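Colleague: What follows is the file final.cif, containing mmCIF, C-alpha atoms (C1' of nucleotides):
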data_coords
loop_
_atom_site.label_atom_id
_atom_site.label_comp_id
_atom_site.auth_asym_id
_atom_site.auth_seq_id
_atom_site.Cartn_x
_atom_site.Cartn_y
_atom_site.Cartn_z
CA MET H 27 0.00 0.00 0.00
CA PRO H 28 2.39 2.67 -1.19
CA TYR H 29 -0.25 5.39 -0.97
CA LEU H 30 -0.74 5.20 2.77
CA LYS H 31 2.95 4.74 3.41
CA ARG H 32 3.80 7.84 1.47
CA LEU H 33 1.24 9.98 3.20
CA ALA H 34 1.54 8.63 6.70
CA PRO H 35 4.52 10.65 7.93
CA GLU H 36 3.22 13.90 6.54
CA PRO H 37 1.20 16.20 8.75
CA GLU H 38 -0.61 17.71 5.76
CA PRO H 39 -2.15 15.56 3.06
CA ILE H 40 -1.31 18.16 0.44
CA ASP H 41 2.09 19.73 0.06
CA CYS H 42 0.91 23.25 -0.71
CA LYS H 43 -0.38 25.80 1.77
CA ILE H 44 -2.77 27.34 -0.69
CA LEU H 45 -4.34 24.07 -1.82
CA THR H 46 -4.59 22.81 1.74
CA ALA H 47 -6.33 25.97 2.89
CA ALA H 48 -8.64 25.89 -0.09
CA LEU H 49 -9.51 22.25 0.47
CA ASN H 50 -10.47 22.90 4.07
CA LEU H 51 -12.47 26.00 3.29
CA PHE H 52 -14.23 24.54 0.25
CA VAL H 53 -15.30 21.47 2.21
CA GLU H 54 -16.42 23.42 5.25
CA LYS H 55 -18.23 26.30 3.56
CA GLY H 56 -18.69 25.29 -0.04
CA TYR H 57 -16.74 26.73 -2.95
CA HIS H 58 -18.95 29.76 -3.63
CA SER H 59 -19.05 30.84 0.00
CA VAL H 60 -15.27 31.04 0.19
CA SER H 61 -13.57 34.25 -0.84
CA ILE H 62 -10.06 34.45 -2.14
CA HIS H 63 -9.32 36.66 0.86
CA GLU H 64 -10.20 33.81 3.21
CA VAL H 65 -7.86 31.51 1.35
CA GLN H 66 -5.26 34.23 1.62
CA LYS H 67 -5.78 34.58 5.36
CA ILE H 68 -5.74 30.85 6.15
CA SER H 69 -2.88 29.97 3.83
CA ASP H 70 -0.86 33.02 4.87
CA VAL H 71 0.15 33.62 1.26
CA SER H 72 -0.61 36.96 -0.33
CA ILE H 73 -3.32 37.56 -2.88
CA GLY H 74 -0.73 38.48 -5.45
CA SER H 75 1.08 35.18 -5.10
CA ILE H 76 -2.14 33.24 -5.28
CA TYR H 77 -2.98 34.92 -8.57
CA LYS H 78 0.57 34.39 -9.85
CA HIS H 79 0.42 30.66 -9.06
CA PHE H 80 -3.17 29.72 -9.77
CA GLY H 81 -4.68 32.62 -11.68
CA GLY H 82 -7.65 32.89 -9.35
CA LYS H 83 -10.15 30.93 -7.32
CA GLU H 84 -11.23 28.69 -10.13
CA GLY H 85 -7.61 27.90 -10.88
CA ILE H 86 -7.15 26.74 -7.31
CA ALA H 87 -10.24 24.54 -7.54
CA LYS H 88 -9.06 23.09 -10.82
CA GLN H 89 -5.66 22.17 -9.40
CA LEU H 90 -7.25 20.75 -6.29
CA TYR H 91 -9.63 18.68 -8.34
CA LYS H 92 -6.81 17.24 -10.41
CA HIS H 93 -4.76 16.62 -7.31
CA VAL H 94 -7.35 14.57 -5.45
CA LEU H 95 -8.27 12.61 -8.57
CA ASN H 96 -4.61 11.86 -8.98
CA GLU H 97 -4.34 10.63 -5.41
CA LEU H 98 -7.31 8.36 -5.98
CA ASP H 99 -5.69 7.13 -9.16
CA GLU H 100 -2.51 6.29 -7.29
CA LEU H 101 -4.47 4.50 -4.61
CA ILE H 102 -6.08 2.32 -7.24
CA ASP H 103 -2.78 1.61 -8.97
CA GLY H 104 -1.27 0.63 -5.64
CA VAL H 105 -4.01 -1.91 -5.17
CA THR H 106 -4.03 -3.32 -8.68
CA THR H 107 -0.29 -3.90 -8.66
CA SER H 108 -0.31 -5.66 -5.31
CA VAL H 109 -3.38 -7.86 -5.73
CA GLU H 110 -4.43 -10.09 -8.62
CA ASP H 111 -8.09 -11.00 -8.16
CA PRO H 112 -10.34 -8.15 -9.32
CA VAL H 113 -12.87 -8.97 -6.63
CA VAL H 114 -10.21 -8.56 -3.97
CA GLN H 115 -9.01 -5.41 -5.70
CA LEU H 116 -12.43 -3.79 -5.39
CA GLU H 117 -12.65 -4.82 -1.77
CA GLU H 118 -9.23 -3.40 -1.01
CA ILE H 119 -10.02 -0.12 -2.74
CA ILE H 120 -13.17 0.31 -0.68
CA LYS H 121 -11.28 -0.65 2.44
CA GLN H 122 -8.74 2.08 1.86
CA LEU H 123 -11.44 4.62 1.04
CA PHE H 124 -13.15 3.76 4.31
CA GLU H 125 -9.88 4.21 6.16
CA HIS H 126 -9.25 7.52 4.44
CA THR H 127 -12.70 8.68 5.50
CA GLU H 128 -11.33 8.69 9.03
CA THR H 129 -7.80 9.93 8.37
CA HIS H 130 -8.26 12.23 5.36
CA GLU H 131 -11.85 13.27 5.77
CA TYR H 132 -11.53 16.51 3.80
CA ILE H 133 -10.04 14.87 0.76
CA ILE H 134 -12.67 12.15 0.83
CA SER H 135 -15.39 14.73 1.32
CA PHE H 136 -14.10 16.77 -1.58
CA LEU H 137 -13.97 13.65 -3.73
CA PHE H 138 -17.25 11.99 -2.87
CA TYR H 139 -19.44 14.68 -1.35
CA THR H 140 -18.94 17.67 -3.61
CA LYS H 141 -20.84 18.76 -6.69
CA HIS H 142 -17.83 19.74 -8.81
CA THR H 143 -19.88 20.83 -11.80
CA ASP H 144 -21.23 23.69 -9.66
CA PHE H 145 -17.87 25.42 -9.87
CA LEU H 146 -15.90 23.53 -12.52
CA PRO H 147 -18.44 23.21 -15.32
CA ASP H 148 -15.77 22.72 -17.96
CA GLU H 149 -13.85 19.92 -16.28
CA PRO H 150 -14.69 16.38 -17.40
CA LEU H 151 -17.24 14.63 -15.21
CA MET H 152 -15.73 12.91 -12.22
CA ASN H 153 -17.54 9.72 -13.13
CA ASN H 154 -15.66 9.81 -16.43
CA SER H 155 -12.26 10.48 -14.91
CA ARG H 156 -9.36 8.02 -15.00
CA PRO H 157 -9.74 6.54 -11.52
CA PHE H 158 -13.47 6.04 -11.91
CA LEU H 159 -13.03 4.42 -15.29
CA LYS H 160 -10.42 2.17 -13.72
CA ILE H 161 -12.84 1.07 -11.04
CA LYS H 162 -15.39 0.35 -13.73
CA GLU H 163 -12.77 -1.62 -15.63
CA ILE H 164 -11.93 -3.68 -12.56
CA THR H 165 -15.60 -4.44 -12.08
CA SER H 166 -15.75 -5.48 -15.70
CA ASN H 167 -12.77 -7.76 -15.19
CA ALA H 168 -14.46 -9.32 -12.22
CA ILE H 169 -17.56 -10.07 -14.29
CA GLU H 170 -15.52 -11.53 -17.13
CA ALA H 171 -13.52 -13.70 -14.76
CA LYS H 172 -16.89 -15.18 -13.80
CA ASN H 173 -16.25 -14.24 -10.25
CA ILE H 174 -19.29 -12.05 -10.54
CA ASN H 175 -22.63 -12.94 -12.04
CA ASN H 176 -22.90 -11.79 -15.64
CA THR H 177 -24.99 -8.76 -14.90
CA ASN H 178 -25.04 -5.33 -16.49
CA ILE H 179 -21.79 -3.50 -15.80
CA ASN H 180 -23.55 -0.28 -14.79
CA VAL H 181 -25.75 -2.13 -12.35
CA ALA H 182 -22.89 -4.07 -10.80
CA SER H 183 -20.66 -1.04 -10.43
CA SER H 184 -23.52 1.02 -9.03
CA ILE H 185 -24.18 -1.58 -6.37
CA ILE H 186 -20.52 -1.80 -5.44
CA LEU H 187 -19.44 1.83 -5.59
CA GLY H 188 -22.84 3.32 -4.86
CA SER H 189 -23.15 1.52 -1.54
CA ALA H 190 -19.65 2.48 -0.52
CA ILE H 191 -20.09 6.13 -1.47
CA ARG H 192 -23.39 6.33 0.36
CA MET H 193 -21.82 4.92 3.51
CA ILE H 194 -19.02 7.45 3.22
CA GLN H 195 -21.54 10.27 2.91
CA LEU H 196 -23.60 9.07 5.85
CA ARG H 197 -20.42 8.83 7.89
CA ILE H 198 -19.44 12.37 6.95
CA ASP H 199 -22.97 13.52 7.82
CA GLY H 200 -22.49 11.96 11.24
CA LEU H 201 -25.36 9.55 10.65
CA ILE H 202 -23.11 6.53 11.03
CA ASP H 203 -21.46 6.61 14.44
CA ASP H 204 -18.54 4.27 14.10
CA PRO H 205 -15.71 4.04 11.58
CA LEU H 206 -16.83 2.49 8.32
CA ILE H 207 -14.11 -0.11 8.50
CA ASN H 208 -16.24 -1.84 11.14
CA HIS H 209 -18.88 -2.45 8.49
CA LEU H 210 -16.60 -3.41 5.62
CA ASP H 211 -17.06 -7.17 5.95
CA THR H 212 -20.82 -6.95 6.31
CA LEU H 213 -21.04 -4.67 3.30
CA MET H 214 -18.83 -6.73 1.06
CA ASN H 215 -20.44 -10.02 2.09
CA ASN H 216 -23.89 -8.75 1.22
CA ILE H 217 -22.71 -7.29 -2.07
CA TRP H 218 -20.76 -10.33 -3.24
CA ASN H 219 -23.45 -12.66 -1.97
CA GLY H 220 -25.87 -10.97 -4.33
CA LEU H 221 -23.57 -10.58 -7.30
CA LYS H 222 -21.91 -13.97 -7.17
CA ALA H 223 -25.18 -15.88 -7.55
CA MET W 3 -50.09 5.71 -7.18
CA PRO W 4 -51.71 9.02 -6.29
CA TYR W 5 -48.48 10.91 -6.84
CA LEU W 6 -48.20 10.20 -10.52
CA LYS W 7 -51.91 10.55 -11.09
CA ARG W 8 -51.95 13.98 -9.54
CA LEU W 9 -49.01 15.23 -11.54
CA ALA W 10 -49.74 13.57 -14.85
CA PRO W 11 -52.15 16.09 -16.32
CA GLU W 12 -50.06 19.08 -15.36
CA PRO W 13 -47.56 20.50 -17.83
CA GLU W 14 -45.39 21.83 -15.01
CA PRO W 15 -44.37 19.65 -12.07
CA ILE W 16 -44.58 22.65 -9.75
CA ASP W 17 -47.54 24.98 -9.60
CA CYS W 18 -45.56 28.21 -9.20
CA LYS W 19 -43.77 30.08 -11.93
CA ILE W 20 -41.04 31.31 -9.61
CA LEU W 21 -40.26 27.90 -8.11
CA THR W 22 -40.34 26.24 -11.51
CA ALA W 23 -37.93 28.77 -12.96
CA ALA W 24 -35.66 28.49 -9.94
CA LEU W 25 -35.65 24.70 -10.10
CA ASN W 26 -34.62 24.72 -13.74
CA LEU W 27 -31.94 27.34 -13.28
CA PHE W 28 -30.53 25.86 -10.07
CA VAL W 29 -30.23 22.42 -11.66
CA GLU W 30 -28.71 23.73 -14.87
CA LYS W 31 -26.28 26.27 -13.49
CA GLY W 32 -26.01 25.58 -9.78
CA TYR W 33 -27.55 27.75 -7.08
CA HIS W 34 -24.72 30.24 -6.71
CA SER W 35 -24.40 30.84 -10.43
CA VAL W 36 -28.02 31.89 -10.70
CA SER W 37 -28.94 35.49 -10.05
CA ILE W 38 -32.29 36.64 -8.83
CA HIS W 39 -32.51 38.65 -12.02
CA GLU W 40 -32.35 35.46 -14.06
CA VAL W 41 -35.14 33.95 -12.02
CA GLN W 42 -37.07 37.14 -12.63
CA LYS W 43 -36.51 36.95 -16.35
CA ILE W 44 -37.44 33.29 -16.74
CA SER W 45 -40.39 33.34 -14.38
CA ASP W 46 -41.65 36.63 -15.78
CA VAL W 47 -42.46 37.84 -12.27
CA SER W 48 -40.96 41.07 -11.04
CA ILE W 49 -38.13 41.29 -8.54
CA GLY W 50 -40.41 43.06 -6.11
CA SER W 51 -42.96 40.25 -6.14
CA ILE W 52 -40.25 37.65 -5.70
CA TYR W 53 -39.03 39.42 -2.59
CA LYS W 54 -42.59 39.85 -1.33
CA HIS W 55 -43.31 36.15 -1.72
CA PHE W 56 -40.02 34.50 -0.85
CA GLY W 57 -37.89 37.15 0.80
CA GLY W 58 -34.95 36.52 -1.51
CA LYS W 59 -32.97 33.85 -3.28
CA GLU W 60 -32.40 31.71 -0.22
CA GLY W 61 -36.11 31.88 0.54
CA ILE W 62 -36.83 30.45 -2.90
CA ALA W 63 -34.35 27.66 -2.38
CA LYS W 64 -35.80 26.86 1.02
CA GLN W 65 -39.33 26.59 -0.35
CA LEU W 66 -38.13 24.51 -3.27
CA TYR W 67 -36.26 22.19 -0.95
CA LYS W 68 -39.33 21.68 1.22
CA HIS W 69 -41.50 21.21 -1.83
CA VAL W 70 -39.47 18.44 -3.40
CA LEU W 71 -38.98 16.68 -0.07
CA ASN W 72 -42.73 16.84 0.38
CA GLU W 73 -43.31 15.33 -3.04
CA LEU W 74 -40.93 12.50 -2.18
CA ASP W 75 -42.75 12.04 1.09
CA GLU W 76 -46.06 11.75 -0.70
CA LEU W 77 -44.60 9.28 -3.15
CA ILE W 78 -43.50 7.09 -0.26
CA ASP W 79 -46.86 7.35 1.48
CA GLY W 80 -48.59 6.41 -1.73
CA VAL W 81 -46.51 3.25 -1.88
CA THR W 82 -46.79 2.27 1.77
CA THR W 83 -50.56 2.59 1.76
CA SER W 84 -50.98 0.52 -1.37
CA VAL W 85 -48.51 -2.28 -0.66
CA GLU W 86 -47.96 -4.35 2.47
CA ASP W 87 -44.61 -6.13 2.16
CA PRO W 88 -41.74 -3.75 3.03
CA VAL W 89 -39.51 -5.43 0.47
CA VAL W 90 -42.03 -4.73 -2.24
CA GLN W 91 -42.46 -1.21 -0.89
CA LEU W 92 -38.76 -0.48 -1.36
CA GLU W 93 -38.82 -1.93 -4.82
CA GLU W 94 -41.85 0.15 -5.78
CA ILE W 95 -40.28 3.34 -4.41
CA ILE W 96 -37.16 2.80 -6.46
CA LYS W 97 -39.25 1.94 -9.50
CA GLN W 98 -41.09 5.24 -9.24
CA LEU W 99 -37.86 7.17 -8.69
CA PHE W 100 -36.43 5.56 -11.82
CA GLU W 101 -39.53 6.55 -13.75
CA HIS W 102 -39.35 10.07 -12.42
CA THR W 103 -35.75 10.30 -13.55
CA GLU W 104 -37.12 10.23 -17.09
CA THR W 105 -40.25 12.30 -16.61
CA HIS W 106 -39.26 14.76 -13.88
CA GLU W 107 -35.52 14.91 -14.33
CA TYR W 108 -35.06 18.32 -12.76
CA ILE W 109 -36.86 17.42 -9.56
CA ILE W 110 -34.92 14.18 -9.30
CA SER W 111 -31.70 15.98 -10.03
CA PHE W 112 -32.43 18.58 -7.39
CA LEU W 113 -33.25 15.83 -4.91
CA PHE W 114 -30.45 13.38 -5.55
CA TYR W 115 -27.72 15.30 -7.32
CA THR W 116 -27.50 18.57 -5.42
CA LYS W 117 -25.36 19.53 -2.45
CA HIS W 118 -28.03 21.41 -0.51
CA THR W 119 -25.75 22.33 2.38
CA ASP W 120 -23.82 24.53 -0.04
CA PHE W 121 -26.69 27.01 -0.08
CA LEU W 122 -29.00 25.92 2.75
CA PRO W 123 -26.55 25.34 5.59
CA ASP W 124 -29.24 25.78 8.26
CA GLU W 125 -31.76 23.33 6.88
CA PRO W 126 -31.76 19.84 8.38
CA LEU W 127 -29.71 17.31 6.41
CA MET W 128 -31.61 15.66 3.61
CA ASN W 129 -30.59 12.26 4.91
CA ASN W 130 -32.34 13.16 8.15
CA SER W 131 -35.52 14.43 6.51
CA ARG W 132 -38.89 12.72 6.85
CA PRO W 133 -38.91 10.82 3.56
CA PHE W 134 -35.39 9.51 4.05
CA LEU W 135 -36.16 8.42 7.59
CA LYS W 136 -39.25 6.68 6.25
CA ILE W 137 -37.16 4.75 3.75
CA LYS W 138 -34.82 3.77 6.53
CA GLU W 139 -37.81 2.69 8.60
CA ILE W 140 -39.14 0.55 5.77
CA THR W 141 -35.74 -1.08 5.43
CA SER W 142 -35.79 -1.73 9.15
CA ASN W 143 -39.22 -3.30 8.85
CA ALA W 144 -37.96 -5.54 6.09
CA ILE W 145 -35.12 -6.73 8.26
CA GLU W 146 -37.41 -7.35 11.22
CA ALA W 147 -39.89 -9.24 9.09
CA LYS W 148 -36.97 -11.58 8.33
CA ASN W 149 -37.40 -10.90 4.69
CA ILE W 150 -33.93 -9.47 4.80
CA ASN W 151 -30.87 -10.92 6.43
CA ASN W 152 -30.32 -9.47 9.89
CA THR W 153 -27.57 -7.13 8.84
CA ASN W 154 -26.72 -3.64 10.02
CA ILE W 155 -29.45 -1.19 9.09
CA ASN W 156 -27.00 1.40 7.77
CA VAL W 157 -25.32 -1.17 5.57
CA ALA W 158 -28.56 -2.55 4.21
CA SER W 159 -30.03 0.85 3.49
CA SER W 160 -26.79 2.02 1.89
CA ILE W 161 -26.81 -0.94 -0.46
CA ILE W 162 -30.43 -0.41 -1.41
CA LEU W 163 -30.64 3.35 -1.66
CA GLY W 164 -26.98 3.93 -2.52
CA SER W 165 -27.15 1.76 -5.62
CA ALA W 166 -30.34 3.39 -6.77
CA ILE W 167 -29.06 6.91 -6.23
CA ARG W 168 -25.83 6.14 -8.05
CA MET W 169 -27.71 4.78 -11.03
CA ILE W 170 -29.86 7.90 -11.05
CA GLN W 171 -26.76 10.09 -11.03
CA LEU W 172 -25.07 8.11 -13.80
CA ARG W 173 -28.25 8.39 -15.84
CA ILE W 174 -28.37 12.14 -15.30
CA ASP W 175 -24.68 12.35 -16.25
CA GLY W 176 -25.56 10.57 -19.48
CA LEU W 177 -23.30 7.64 -18.61
CA ILE W 178 -26.20 5.20 -18.66
CA ASP W 179 -27.82 5.28 -22.08
CA ASP W 180 -31.20 3.73 -21.53
CA PRO W 181 -33.96 4.44 -19.04
CA LEU W 182 -33.19 3.06 -15.61
CA ILE W 183 -36.45 1.16 -15.53
CA ASN W 184 -34.81 -1.32 -17.94
CA HIS W 185 -32.35 -2.21 -15.19
CA LEU W 186 -34.75 -2.29 -12.27
CA ASP W 187 -35.19 -6.06 -12.17
CA THR W 188 -31.48 -6.76 -12.49
CA LEU W 189 -30.69 -4.27 -9.76
CA MET W 190 -33.29 -5.49 -7.32
CA ASN W 191 -32.50 -9.17 -7.97
CA ASN W 192 -28.84 -8.64 -7.20
CA ILE W 193 -29.61 -6.58 -4.10
CA TRP W 194 -32.19 -8.96 -2.63
CA ASN W 195 -30.14 -11.96 -3.59
CA GLY W 196 -27.38 -10.63 -1.39
CA LEU W 197 -29.49 -9.40 1.47
CA LYS W 198 -31.93 -12.27 1.68
CA ALA W 199 -29.31 -14.93 2.34
"C1'" DG N 4 8.55 36.82 -6.89
"C1'" DT N 5 5.93 38.77 -3.10
"C1'" DC N 6 2.89 41.95 -1.24
"C1'" DT N 7 -0.83 45.89 -0.40
"C1'" DA N 8 -3.97 49.10 -1.93
"C1'" DT N 9 -7.18 49.97 -5.28
"C1'" DA N 10 -10.44 49.56 -9.16
"C1'" DT N 11 -14.18 47.32 -11.23
"C1'" DC N 12 -18.02 44.74 -11.49
"C1'" DC N 13 -22.20 42.52 -10.21
"C1'" DA N 14 -25.46 40.35 -7.24
"C1'" DG N 15 -28.70 40.96 -3.48
"C1'" DA N 16 -31.71 43.82 -1.51
"C1'" DT N 17 -34.66 48.03 -1.07
"C1'" DA N 18 -37.50 52.16 -1.76
"C1'" DG N 19 -41.06 54.22 -3.49
"C1'" DA N 20 -44.21 55.00 -7.64
"C1'" DC N 21 -48.30 53.02 -9.57
"C1'" DG D 18 -49.92 43.73 -4.51
"C1'" DT D 19 -46.86 44.59 -8.51
"C1'" DC D 20 -43.21 46.78 -10.66
"C1'" DT D 21 -38.70 49.63 -11.87
"C1'" DA D 22 -34.88 52.20 -10.65
"C1'" DT D 23 -31.46 52.56 -7.42
"C1'" DC D 24 -28.33 51.65 -3.57
"C1'" DT D 25 -24.92 49.08 -1.28
"C1'" DG D 26 -21.73 45.54 -0.08
"C1'" DG D 27 -18.48 42.45 -1.25
"C1'" DA D 28 -15.89 39.64 -4.30
"C1'" DT D 29 -12.62 39.14 -8.14
"C1'" DA D 30 -8.97 40.84 -10.26
"C1'" DT D 31 -5.23 44.27 -11.12
"C1'" DA D 32 -1.61 47.67 -10.73
"C1'" DG D 33 2.32 48.98 -9.07
"C1'" DA D 34 5.64 49.34 -4.98
"C1'" DC D 35 9.23 46.67 -2.81
#
Would you give me this structure, written as structure tokens?
Modeller:
Amino acid sequence: MPYLKRLAPEPEPIDCKILTAALNLFVEKGYHSVSIHEVQKISDVSIGSIYKHFGGKEGIAKQLYKHVLNELDELIDGVTTSVEDPVVQLEEIIKQLFEHTETHEYIISFLFYTKHTDFLPDEPLMNNSRPFLKIKEITSNAIEAKNINNTNINVASSIILGSAIRMIQLRIDGLIDDPLINHLDTLMNNIWNGLKA
Amino acid sequence: MPYLKRLAPEPEPIDCKILTAALNLFVEKGYHSVSIHEVQKISDVSIGSIYKHFGGKEGIAKQLYKHVLNELDELIDGVTTSVEDPVVQLEEIIKQLFEHTETHEYIISFLFYTKHTDFLPDEPLMNNSRPFLKIKEITSNAIEAKNINNTNINVASSIILGSAIRMIQLRIDGLIDDPLINHLDTLMNNIWNGLKA
DNA sequence: GTCTATATCCAGATAGAC
DNA sequence: GTCTATCTGGATATAGAC
């Protein structure tokens, strides 16, 4: 699990004061309720520098968006290179996402509980981004390997990822009291039990 | 199905020019990218009247939020009064939501593909609202009636509702080509197959 | 390359006529 | 009760000093 190892010793999940401040503010208040002056204040970098580096608020959001998608992509690659069975790969990905929900809540919240099109209308849809397509591909592999019932790929991936994302959102909302990792086995058993037929 | 019957003959899903215009604009552009002047233009009601009736943009959003939650609530009540078995109730609710995704896309999008806390931070969380609590209650009933494996309620409801919501979102994104109703049986079979154990 | 002070714009809200 | 014209605040973005 290279992803966790790399991040573990770092106090900040993102190595950039501006992006870190923006992430926190965007998640807490929502993109449009955050002014560039707030980002300036929290990050302790001047307005001028922010504009030099990112060109403005939308530039920050764009970079942040790419950054978190890239982290997710690396997480997936870490899993796919260390495990063979696509079913186990999916389970491991969800496991790590559940863990990150506790340890990197803001990144997870920005990834799975943000309507990006509200402020990045020109970016490609998250559900069409590399890491999401990879997850879909893994699901497809699992079906083809006959480890999963030959059901529609959109249905299967919606059951798998949809359940996990919903649990993450309920956890962030505070409607699930304990860490999601406690429910991982139950979740996966029920999912596979249905899909494996 | 009183819900559909009531709405069927109406050209507009909402009987208020201002709310209808706001719904369309909010879904298309996102709440913060919509100005009150745009709502004025589309609804063809003057700014003054809008402020008289709703007190401002947030007032419109608040009313709209309550309205769509109320419609969902009525949909659920319609199902629970016409069907006995909680498992069938859940299936029927999802069926109607899938149908509405085709016929009332904007309402469904506002319900299931909008981050309401970004513009209504003081409203109760959607996942804690009456209709969502009712769905959770129905799921709980299903478990108690032994129709569903005695698994954690949060896990079971995440699998059921999470899959459905994700399919709705993928459909709205245009990443699922055909109407969701075509996939209803496959989805429900795979879900129940796993949960019924 | 970093900062502060300033300009510009625009959305939300209001006042007052009809 | 409905409308239009106007005010005001605040955010983005820039200009120019250091």
Colleague: Just the number, please: distance in Å from CA of Lys55 (chain H) to CA of Thr119 (chain W), one decimal.
Modeller: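 Atom-to-atom, CA of Lys55 (chain H) to CA of Thr119 (chain W), that is 8.6 Å.
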Colleague: For chain W, which residues have at least one atom within 10 Å of chain H, if we go by only C-alpha atoms? Write them as a PyMOL selection string, please.
Modeller: chain W and resi 28-35+115-121+123+127-130+151+153-154+156-173+175+177-178+182+185-186+188-199
Colleague: Using 10 Å as the limit and counting all atoms listed in the file, can you tabulate each residue of chain N that touches chain H, with its shortest atom-to-atom distance in Å and the two atoms involved, as CSV?
Modeller:
residue,atom,partner,partner_atom,distance
N:DG4,C1',H:Ser75,CA,7.9
N:DT5,C1',H:Ser75,CA,6.4
N:DC6,C1',H:Ser72,CA,6.2
N:DT7,C1',H:Ser72,CA,8.9
Colleague: Hey, which of H:Gln122, H:Asn96, H:Ser61, H:Thr106 ends up closest to chain D? Count only C-alpha atoms (C1' of nucleotides).
Modeller: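 Among H:Gln122, H:Asn96, H:Ser61, H:Thr106, it is H:Ser61 that comes nearest to chain D.
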Colleague: Could you tell me how far C1' of DT17 (chain N) lies from CA of His63 (chain H), in Å and to one decimal?
Modeller: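 According to the coordinates, C1' of DT17 (chain N) and CA of His63 (chain H) are separated by 27.8 Å.
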Colleague: For a test of reading the model, state the distance in Å between CA of Ala168 (chain H) and CA of Gly104 (chain H), rounded to one decimal.
Modeller: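 For CA of Ala168 (chain H) relative to CA of Gly104 (chain H), the distance reads 17.8 Å.
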Colleague: Taking only C-alpha atoms (C1' of nucleotides) into account and nothing else, which residues of chain D lie no more than 9 Å away from chain H? Please answer as a list in words.
Modeller: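 The answer, sorted by residue number, is DA28, DT29 and DA30 of chain D.
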Colleague: I'd like to see the residues matched by the PyMOL selection byres ((chain D and resi 24) around 9) on this file, and ideally I'd get them as JSON, numbers by chain.
Modeller: {"N": [16, 17], "D": [23, 25]}
Colleague: Return as a compact mmCIF listing (two decimals) with C-alpha atoms, keeping the file's coordinate frame the set of residues that the PyMOL selection byres ((chain W and resi 94) around 10) yields on the displayed structure.
Modeller:
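File produced: part-v6.txt:
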# COMPACT_ATOMS: atom_id res chain seq x y z
CA LEU W 77 -44.60 9.28 -3.15
CA ILE W 78 -43.50 7.09 -0.26
CA VAL W 81 -46.51 3.25 -1.88
CA THR W 82 -46.79 2.27 1.77
CA VAL W 85 -48.51 -2.28 -0.66
CA PRO W 88 -41.74 -3.75 3.03
CA VAL W 89 -39.51 -5.43 0.47
CA VAL W 90 -42.03 -4.73 -2.24
CA GLN W 91 -42.46 -1.21 -0.89
CA LEU W 92 -38.76 -0.48 -1.36
CA GLU W 93 -38.82 -1.93 -4.82
CA ILE W 95 -40.28 3.34 -4.41
CA ILE W 96 -37.16 2.80 -6.46
CA LYS W 97 -39.25 1.94 -9.50
CA GLN W 98 -41.09 5.24 -9.24
CA LEU W 99 -37.86 7.17 -8.69
CA PHE W 100 -36.43 5.56 -11.82
CA LEU W 186 -34.75 -2.29 -12.27
